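Visitor: Got a structure for you, written out below as structure tokens; questions coming shortly.
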Amino acid sequence: MIPENGELVRPPAVAGSWYPDNAVRLRAAVTAHLETVEVTPSGDIVAIVVPHAGLVYSGPVAAHAYQAVAGRAYDAAVLVGPSHHVGFDGVAIYPRGAFETPLGPVRVASEVADQLMTASCITTHPTAHVREHSLEMQLPFLRHVLPETPIVPLLIGYQERDTVLALAEALAGTLDGLNPLIVASTDLSHYFDADRAARLDGAVIDSVTRFDADRLLAEFESYPVHERGRCVACGGGAAVAVMKAAAALGAGEARVLRYADSGDVSGDKTSVVGYLAAALGTFAS
């Protein structure tokens, strides 16, 4: 949508279905999830890994990452997620304007976006953002815990090694000297029984715990392309790029904050989706 002032405004795609489209009910839901978090890490957090399913399912996990960064000062939140609906090479950026939410608009950090677009792997692709939920599902939490922080929305198309590594390099180069929060949006395994899911997800959790992006990339690439999202993580490439960029920006370790699956909410453990919350940074012991 382009209003009269010429600013791009991306309207919500899944409000009213994946999360409440009423501001009062949405804020209450986000607050309730955040209030369940009892312990948060202390230290400097450069990046987080969060899920992006419907709020009732993944919200209890995502809340652990967002509570860890609540109220901190960041120049921008750079959101990196997979494209579920549109296939393309490279990375699609939403370069200016705002993302509308029931809690109010979240503006795009256009200056940071402009710098990122000097990287050959990053281009504009408005269609990719129209229906995509992987970034949108972060906005209710961000609008609540970091209300003044602008965003830079980035969607990875085909999560090929060259694209992932080029994006990591672009993020590290552009964000050096700033105080960013980089957000990797990904769910883990999809539609296995809970025991099998826990085994598959354990490989991802181990790579994150070790803060070993190369290990995670190798796990991602050990499966055929069409199975990577189902067996490893739909945003596996996003997680790798963010981990590498965070390391380049000074993050020295990772903390896994929460793991769960959709069956913990639905009660159906026969076919679940795995969810992970983690923080990357430098932590007090």
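Chain lettering (A, B, ...) mirrors the order of the structure tokens, residue numbering begins at 1 for each chain separately, and ligand numbering begins at 1 in order of display.
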Hey, what's within 12 Å of Pro20 of chain A if we count only C-alpha atoms and toss same-chain stuff fewer than 6 positions away? As a list in words, please?

Guide: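 These residues fall inside the cut-off: Pro12, Ala13, Val14, Leu26, Arg27, Ala28, Ala29, Val30, Gly54, Leu55, Val56, Thr101, Pro102, Leu103, Met137 and Pro140 of chain A.
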
Visitor: Residues of the last selection are to be written out with C-alpha atoms, as a short mmCIF file (atom, residue, chain, number, x, y, z; two decimals), in the first residue's frame.

Guide:
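Output file selection20.cif follows:
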```cif
data_model
loop_
_atom_site.label_atom_id
_atom_site.label_comp_id
_atom_site.auth_asym_id
_atom_site.auth_seq_id
_atom_site.Cartn_x
_atom_site.Cartn_y
_atom_site.Cartn_z
CA PRO A 12 -0.88 -7.10 8.31
CA ALA A 13 -1.34 -10.41 6.52
CA VAL A 14 -2.22 -12.73 9.40
CA LEU A 26 -3.18 -8.57 21.39
CA ARG A 27 -1.38 -6.58 24.06
CA ALA A 28 -2.95 -8.77 26.74
CA ALA A 29 -1.80 -11.93 24.96
CA VAL A 30 1.76 -10.65 24.50
CA GLY A 54 0.66 -18.62 15.60
CA LEU A 55 0.97 -16.59 18.79
CA VAL A 56 -0.83 -19.12 20.97
CA THR A 101 0.19 -3.72 13.32
CA PRO A 102 -2.83 -3.64 15.66
CA LEU A 103 -0.46 -2.03 18.19
CA MET A 137 4.90 -12.62 13.84
CA PRO A 140 3.61 -7.74 18.31
#
```

Visitor: Just the residues within 8 Å of Tyr66 of chain A, please, counting only C-alpha atoms, with nothing from its chain fewer than 6 positions along; format it as a PyMOL selection string.

Guide: chain A and resi 34+141-142+145

Visitor: Would you output that residue set with N, CA and C atoms, as an mmCIF file, in the first residue's frame?

Guide:
```
data_model
loop_
_atom_site.group_PDB
_atom_site.id
_atom_site.type_symbol
_atom_site.label_atom_id
_atom_site.label_comp_id
_atom_site.auth_asym_id
_atom_site.auth_seq_id
_atom_site.Cartn_x
_atom_site.Cartn_y
_atom_site.Cartn_z
ATOM 1 N N LEU A 34 4.877 -12.869 28.126
ATOM 2 C CA LEU A 34 6.091 -12.303 28.734
ATOM 3 C C LEU A 34 6.126 -12.533 30.242
ATOM 4 N N PHE A 141 5.530 -8.600 19.552
ATOM 5 C CA PHE A 141 6.506 -8.572 20.643
ATOM 6 C C PHE A 141 7.404 -7.345 20.553
ATOM 7 N N LEU A 142 7.917 -7.073 19.357
ATOM 8 C CA LEU A 142 8.816 -5.921 19.201
ATOM 9 C C LEU A 142 8.105 -4.617 19.540
ATOM 10 N N VAL A 145 7.937 -4.611 23.490
ATOM 11 C CA VAL A 145 9.140 -4.541 24.342
ATOM 12 C C VAL A 145 10.156 -3.509 23.873
#
```

Visitor: Report as CSV the residues of segment 128-240 of chain A within 9 Å of segment 49-52 of chain A, each with its shortest atom pair and distance in Å (one decimal), using only C-alpha atoms, ordered by chain and increasing residue number.

Guide:
```
residue,atom,partner,partner_atom,distance
A:His133,CA,A:His52,CA,7.2
A:Ser134,CA,A:His52,CA,5.3
A:Leu135,CA,A:His52,CA,7.5
A:Glu136,CA,A:His52,CA,8.3
A:Met137,CA,A:His52,CA,5.4
A:Gln138,CA,A:His52,CA,7.0
A:Ile182,CA,A:Val49,CA,8.6
A:Val183,CA,A:Val49,CA,6.0
A:Ala184,CA,A:Val49,CA,4.7
A:Ser185,CA,A:Val50,CA,5.2
A:Thr186,CA,A:Pro51,CA,4.9
A:Asp187,CA,A:Pro51,CA,4.8
A:Leu188,CA,A:Pro51,CA,8.0
A:Ala239,CA,A:Val49,CA,7.0
```

Visitor: List every residue of segment 135-205 of chain A that DSSP, applied to the backbone of this structure, assigns to alpha helix (DSSP H), and report them as a PDB file with N, CA and C atoms, in the first residue's frame.

Guide:
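Ended up saving to part22.pdb:
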```pdb
ATOM      1  N   LEU A 139       6.429  -8.791  15.165  1.00  0.00           N
ATOM      2  CA  LEU A 139       6.083  -7.392  15.407  1.00  0.00           C
ATOM      3  C   LEU A 139       5.273  -7.150  16.674  1.00  0.00           C
ATOM      4  N   PRO A 140       4.306  -8.010  17.040  1.00  0.00           N
ATOM      5  CA  PRO A 140       3.612  -7.741  18.312  1.00  0.00           C
ATOM      6  C   PRO A 140       4.556  -7.694  19.504  1.00  0.00           C
ATOM      7  N   PHE A 141       5.530  -8.600  19.552  1.00  0.00           N
ATOM      8  CA  PHE A 141       6.506  -8.572  20.643  1.00  0.00           C
ATOM      9  C   PHE A 141       7.404  -7.345  20.553  1.00  0.00           C
ATOM     10  N   LEU A 142       7.917  -7.073  19.357  1.00  0.00           N
ATOM     11  CA  LEU A 142       8.816  -5.921  19.201  1.00  0.00           C
ATOM     12  C   LEU A 142       8.105  -4.617  19.540  1.00  0.00           C
ATOM     13  N   ARG A 143       6.884  -4.482  19.082  1.00  0.00           N
ATOM     14  CA  ARG A 143       6.133  -3.243  19.336  1.00  0.00           C
ATOM     15  C   ARG A 143       5.899  -3.048  20.838  1.00  0.00           C
ATOM     16  N   HIS A 144       5.841  -4.158  21.562  1.00  0.00           N
ATOM     17  CA  HIS A 144       5.585  -4.102  22.997  1.00  0.00           C
ATOM     18  C   HIS A 144       6.862  -3.872  23.799  1.00  0.00           C
ATOM     19  N   VAL A 145       7.937  -4.611  23.490  1.00  0.00           N
ATOM     20  CA  VAL A 145       9.140  -4.541  24.342  1.00  0.00           C
ATOM     21  C   VAL A 145      10.156  -3.509  23.873  1.00  0.00           C
ATOM     22  N   ARG A 161      23.744 -21.754   0.130  1.00  0.00           N
ATOM     23  CA  ARG A 161      24.948 -21.403   0.885  1.00  0.00           C
ATOM     24  C   ARG A 161      25.495 -20.030   0.494  1.00  0.00           C
ATOM     25  N   ASP A 162      25.616 -19.760  -0.794  1.00  0.00           N
ATOM     26  CA  ASP A 162      26.193 -18.489  -1.224  1.00  0.00           C
ATOM     27  C   ASP A 162      25.372 -17.305  -0.728  1.00  0.00           C
ATOM     28  N   THR A 163      24.043 -17.450  -0.766  1.00  0.00           N
ATOM     29  CA  THR A 163      23.171 -16.368  -0.300  1.00  0.00           C
ATOM     30  C   THR A 163      23.310 -16.166   1.205  1.00  0.00           C
ATOM     31  N   VAL A 164      23.309 -17.266   1.935  1.00  0.00           N
ATOM     32  CA  VAL A 164      23.412 -17.192   3.396  1.00  0.00           C
ATOM     33  C   VAL A 164      24.719 -16.525   3.819  1.00  0.00           C
ATOM     34  N   LEU A 165      25.820 -16.929   3.210  1.00  0.00           N
ATOM     35  CA  LEU A 165      27.120 -16.370   3.584  1.00  0.00           C
ATOM     36  C   LEU A 165      27.250 -14.909   3.153  1.00  0.00           C
ATOM     37  N   ALA A 166      26.702 -14.584   1.975  1.00  0.00           N
ATOM     38  CA  ALA A 166      26.742 -13.194   1.517  1.00  0.00           C
ATOM     39  C   ALA A 166      25.913 -12.298   2.423  1.00  0.00           C
ATOM     40  N   LEU A 167      24.764 -12.802   2.878  1.00  0.00           N
ATOM     41  CA  LEU A 167      23.931 -12.020   3.787  1.00  0.00           C
ATOM     42  C   LEU A 167      24.653 -11.803   5.115  1.00  0.00           C
ATOM     43  N   ALA A 168      25.284 -12.844   5.640  1.00  0.00           N
ATOM     44  CA  ALA A 168      26.035 -12.702   6.893  1.00  0.00           C
ATOM     45  C   ALA A 168      27.099 -11.628   6.763  1.00  0.00           C
ATOM     46  N   GLU A 169      27.806 -11.627   5.652  1.00  0.00           N
ATOM     47  CA  GLU A 169      28.854 -10.630   5.427  1.00  0.00           C
ATOM     48  C   GLU A 169      28.265  -9.229   5.324  1.00  0.00           C
ATOM     49  N   ALA A 170      27.145  -9.109   4.618  1.00  0.00           N
ATOM     50  CA  ALA A 170      26.508  -7.802   4.467  1.00  0.00           C
ATOM     51  C   ALA A 170      26.023  -7.266   5.814  1.00  0.00           C
ATOM     52  N   LEU A 171      25.428  -8.125   6.620  1.00  0.00           N
ATOM     53  CA  LEU A 171      24.968  -7.700   7.941  1.00  0.00           C
ATOM     54  C   LEU A 171      26.131  -7.253   8.814  1.00  0.00           C
ATOM     55  N   ALA A 172      27.192  -8.046   8.828  1.00  0.00           N
ATOM     56  CA  ALA A 172      28.343  -7.710   9.662  1.00  0.00           C
ATOM     57  C   ALA A 172      28.967  -6.388   9.234  1.00  0.00           C
ATOM     58  N   GLY A 173      29.095  -6.171   7.931  1.00  0.00           N
ATOM     59  CA  GLY A 173      29.713  -4.948   7.441  1.00  0.00           C
ATOM     60  C   GLY A 173      28.857  -3.722   7.668  1.00  0.00           C
ATOM     61  N   THR A 174      27.564  -3.838   7.418  1.00  0.00           N
ATOM     62  CA  THR A 174      26.675  -2.688   7.541  1.00  0.00           C
ATOM     63  C   THR A 174      26.412  -2.312   8.994  1.00  0.00           C
ATOM     64  N   LEU A 175      26.283  -3.305   9.852  1.00  0.00           N
ATOM     65  CA  LEU A 175      25.887  -3.046  11.238  1.00  0.00           C
ATOM     66  C   LEU A 175      27.060  -2.737  12.158  1.00  0.00           C
ATOM     67  N   ALA A 194       6.452 -36.079  18.604  1.00  0.00           N
ATOM     68  CA  ALA A 194       7.263 -35.256  19.505  1.00  0.00           C
ATOM     69  C   ALA A 194       8.627 -35.867  19.805  1.00  0.00           C
ATOM     70  N   ASP A 195       8.707 -37.178  19.914  1.00  0.00           N
ATOM     71  CA  ASP A 195       9.999 -37.804  20.198  1.00  0.00           C
ATOM     72  C   ASP A 195      10.960 -37.638  19.038  1.00  0.00           C
ATOM     73  N   ARG A 196      10.469 -37.895  17.822  1.00  0.00           N
ATOM     74  CA  ARG A 196      11.318 -37.720  16.637  1.00  0.00           C
ATOM     75  C   ARG A 196      11.694 -36.250  16.479  1.00  0.00           C
ATOM     76  N   ALA A 197      10.747 -35.356  16.703  1.00  0.00           N
ATOM     77  CA  ALA A 197      11.021 -33.925  16.598  1.00  0.00           C
ATOM     78  C   ALA A 197      12.110 -33.502  17.571  1.00  0.00           C
ATOM     79  N   ALA A 198      12.036 -34.005  18.793  1.00  0.00           N
ATOM     80  CA  ALA A 198      13.040 -33.635  19.795  1.00  0.00           C
ATOM     81  C   ALA A 198      14.433 -34.090  19.378  1.00  0.00           C
ATOM     82  N   ARG A 199      14.521 -35.269  18.739  1.00  0.00           N
ATOM     83  CA  ARG A 199      15.825 -35.751  18.279  1.00  0.00           C
ATOM     84  C   ARG A 199      16.351 -34.866  17.141  1.00  0.00           C
ATOM     85  N   LEU A 200      15.485 -34.549  16.179  1.00  0.00           N
ATOM     86  CA  LEU A 200      15.890 -33.687  15.072  1.00  0.00           C
ATOM     87  C   LEU A 200      16.250 -32.282  15.563  1.00  0.00           C
ATOM     88  N   ASP A 201      15.413 -31.754  16.418  1.00  0.00           N
ATOM     89  CA  ASP A 201      15.641 -30.402  16.926  1.00  0.00           C
ATOM     90  C   ASP A 201      16.879 -30.342  17.814  1.00  0.00           C
ATOM     91  N   GLY A 202      17.224 -31.477  18.424  1.00  0.00           N
ATOM     92  CA  GLY A 202      18.404 -31.510  19.267  1.00  0.00           C
ATOM     93  C   GLY A 202      19.675 -31.165  18.514  1.00  0.00           C
ATOM     94  N   ALA A 203      19.728 -31.519  17.218  1.00  0.00           N
ATOM     95  CA  ALA A 203      20.911 -31.185  16.420  1.00  0.00           C
ATOM     96  C   ALA A 203      21.024 -29.680  16.227  1.00  0.00           C
ATOM     97  N   VAL A 204      19.898 -29.019  16.023  1.00  0.00           N
ATOM     98  CA  VAL A 204      19.901 -27.556  15.886  1.00  0.00           C
ATOM     99  C   VAL A 204      20.273 -26.914  17.219  1.00  0.00           C
ATOM    100  N   ILE A 205      19.650 -27.380  18.278  1.00  0.00           N
ATOM    101  CA  ILE A 205      19.918 -26.812  19.597  1.00  0.00           C
ATOM    102  C   ILE A 205      21.383 -26.973  19.970  1.00  0.00           C
TER     103      ILE A 205
END
```

Visitor: Leu154 of chain A: which residues within 12 Å, counting only C-alpha atoms, same-chain residues fewer than 2 positions away excluded, as a PyMOL selection string?

Guide: chain A and resi 77-83+90-96+108-109+112-113+116-117+121-126+128-129+132+134-136+151-152+156-157+164+167-168+170-171+182-185+235+238+241-242

Visitor: If we count only C-alpha atoms and set the cut-off at 10 Å, which residues sit around Ser262 of chain A, ignoring sequence neighbours fewer than 3 positions away in its own chain? Please answer as a list in words.

Guide: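 Listed by chain and then number, they are Ala53, Gly54, Val56, Tyr57, Ser58, His190, Tyr191, Ala194, Val265, Ser266, Gly267, Asp268, Lys269, Ser271, Val272, Val273, Gly274 and Tyr275 of chain A.
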
Visitor: Would you put the residues from that selection into a file with N, CA and C atoms, as a compact mmCIF listing (two decimals), in the first residue's frame?

Guide:
```txt
# COMPACT_ATOMS: atom_id res chain seq x y z
N ALA A 53 5.37 -19.19 14.57
CA ALA A 53 4.05 -19.80 14.38
C ALA A 53 2.98 -18.91 14.99
N GLY A 54 1.73 -19.38 14.98
CA GLY A 54 0.66 -18.62 15.60
C GLY A 54 1.00 -18.28 17.04
N VAL A 56 -0.47 -18.23 19.88
CA VAL A 56 -0.83 -19.12 20.97
C VAL A 56 0.14 -20.29 21.07
N TYR A 57 0.73 -20.69 19.93
CA TYR A 57 1.64 -21.84 19.91
C TYR A 57 3.09 -21.44 20.21
N SER A 58 3.60 -20.47 19.46
CA SER A 58 5.02 -20.13 19.60
C SER A 58 5.26 -18.97 20.55
N HIS A 190 9.13 -29.96 11.42
CA HIS A 190 7.70 -29.83 11.14
C HIS A 190 7.02 -31.19 10.98
N TYR A 191 6.02 -31.44 11.82
CA TYR A 191 5.04 -32.51 11.64
C TYR A 191 5.57 -33.92 11.85
N ALA A 194 6.45 -36.08 18.60
CA ALA A 194 7.26 -35.26 19.50
C ALA A 194 8.63 -35.87 19.81
N VAL A 265 0.91 -27.09 23.59
CA VAL A 265 -0.29 -26.26 23.64
C VAL A 265 -1.51 -27.04 23.17
N SER A 266 -1.38 -27.72 22.04
CA SER A 266 -2.53 -28.41 21.45
C SER A 266 -2.88 -29.71 22.16
N GLY A 267 -1.88 -30.33 22.80
CA GLY A 267 -2.08 -31.64 23.40
C GLY A 267 -1.85 -32.79 22.44
N ASP A 268 -1.67 -32.49 21.16
CA ASP A 268 -1.43 -33.52 20.14
C ASP A 268 0.06 -33.68 19.93
N LYS A 269 0.62 -34.78 20.42
CA LYS A 269 2.05 -35.02 20.29
C LYS A 269 2.39 -35.91 19.10
N SER A 271 2.02 -35.04 15.86
CA SER A 271 2.49 -34.23 14.73
C SER A 271 2.72 -32.82 15.23
N VAL A 272 4.00 -32.48 15.47
CA VAL A 272 4.30 -31.23 16.13
C VAL A 272 5.26 -30.38 15.29
N VAL A 273 5.36 -29.11 15.67
CA VAL A 273 6.37 -28.19 15.15
C VAL A 273 7.23 -27.76 16.33
N GLY A 274 8.55 -27.76 16.12
CA GLY A 274 9.46 -27.39 17.19
C GLY A 274 9.74 -25.90 17.23
N TYR A 275 9.91 -25.35 18.43
CA TYR A 275 10.15 -23.92 18.61
C TYR A 275 11.34 -23.71 19.53
```

Visitor: Name all residues at most 7 Å from Arg107 of chain A (count only C-alpha atoms; drop same-chain ones fewer than 4 positions away) and give them as a PDB file with N, CA and C atoms, in the first residue's frame.

Guide:
```pdb
ATOM      1  N   GLY A  97       9.297   3.065   4.813  1.00  0.00           N
ATOM      2  CA  GLY A  97       7.899   3.091   5.230  1.00  0.00           C
ATOM      3  C   GLY A  97       7.700   2.425   6.567  1.00  0.00           C
ATOM      4  N   ALA A  98       6.688   1.555   6.646  1.00  0.00           N
ATOM      5  CA  ALA A  98       6.353   0.940   7.925  1.00  0.00           C
ATOM      6  C   ALA A  98       5.570  -0.343   7.711  1.00  0.00           C
ATOM      7  N   PHE A  99       5.595  -1.193   8.733  1.00  0.00           N
ATOM      8  CA  PHE A  99       4.712  -2.349   8.814  1.00  0.00           C
ATOM      9  C   PHE A  99       3.598  -1.975   9.794  1.00  0.00           C
ATOM     10  N   PRO A 150      13.152   0.961  15.270  1.00  0.00           N
ATOM     11  CA  PRO A 150      12.736   0.668  13.890  1.00  0.00           C
ATOM     12  C   PRO A 150      13.271  -0.691  13.462  1.00  0.00           C
ATOM     13  N   ILE A 151      12.723  -1.192  12.365  1.00  0.00           N
ATOM     14  CA  ILE A 151      13.091  -2.516  11.883  1.00  0.00           C
ATOM     15  C   ILE A 151      13.697  -2.441  10.482  1.00  0.00           C
TER      16      ILE A 151
END
```

Visitor: Nearest to Arg230 of chain A: which of A:Phe192, A:Phe211, A:Tyr259, A:Tyr74 is it, counting only C-alpha atoms?

Guide: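 The shortest atom-to-atom distance to Arg230 of chain A comes from A:Phe192.
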
Visitor: Smallest atom-to-atom distance to Ala245 of chain A: which of A:Leu155, A:Ala70, A:Val46, A:Ala15, using only C-alpha atoms?

Guide: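 The shortest atom-to-atom distance to Ala245 of chain A comes from A:Val46.
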
Visitor: For Val37 of chain A, please output as a list of chain:residue names all residues within 8 Å (counting only C-alpha atoms; exclusion window: fewer than 6 positions along the same chain).

Guide: A:Ala63, A:His64, A:Gln67

Visitor: Could you check how far atom CA of Leu178 of chain A sits from atom CA of Asp114 of chain A, in Å to one decimal?

Guide: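 Atom-to-atom, atom CA of Leu178 of chain A to atom CA of Asp114 of chain A, that is 14.5 Å.
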
Visitor: So how far away is atom CA of Thr149 of chain A from atom CA of Glu7 of chain A, in Å?

Guide: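 Spanning atom CA of Glu7 of chain A to atom CA of Thr149 of chain A is a straight-line distance of 18.1 Å.
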
Visitor: If we count only C-alpha atoms and set the cut-off at 7 Å, which residues sit around Tyr158 of chain A, ignoring sequence neighbours fewer than 5 positions away in its own chain? Please answer as a list in words.

Guide: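 Near Tyr158 of chain A, the qualifying residues are Gly87, Phe88, Asp89 and Gly90 of chain A.
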
Visitor: Could those residues be written to a file, using C-alpha atoms, as a JSON list (two decimals), in the first residue's frame?

Guide:
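And here is the file that came out, out_27.json:
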```json
[["chain", "number", "residue", "atom", "x", "y", "z"],
["A", 87, "GLY", "CA", 10.54, -18.39, -4.36],
["A", 88, "PHE", "CA", 13.43, -16.19, -5.48],
["A", 89, "ASP", "CA", 17.19, -15.91, -5.45],
["A", 90, "GLY", "CA", 18.88, -13.71, -2.87]]
```

Visitor: Within segment 97-191 of chain A, find each residue whose DSSP state, derived from the backbone, is strand (DSSP E), and express the selection as a PyMOL selection string.

Guide: chain A and resi 98-99+106-107+122-124+151-156+180-185+190-191
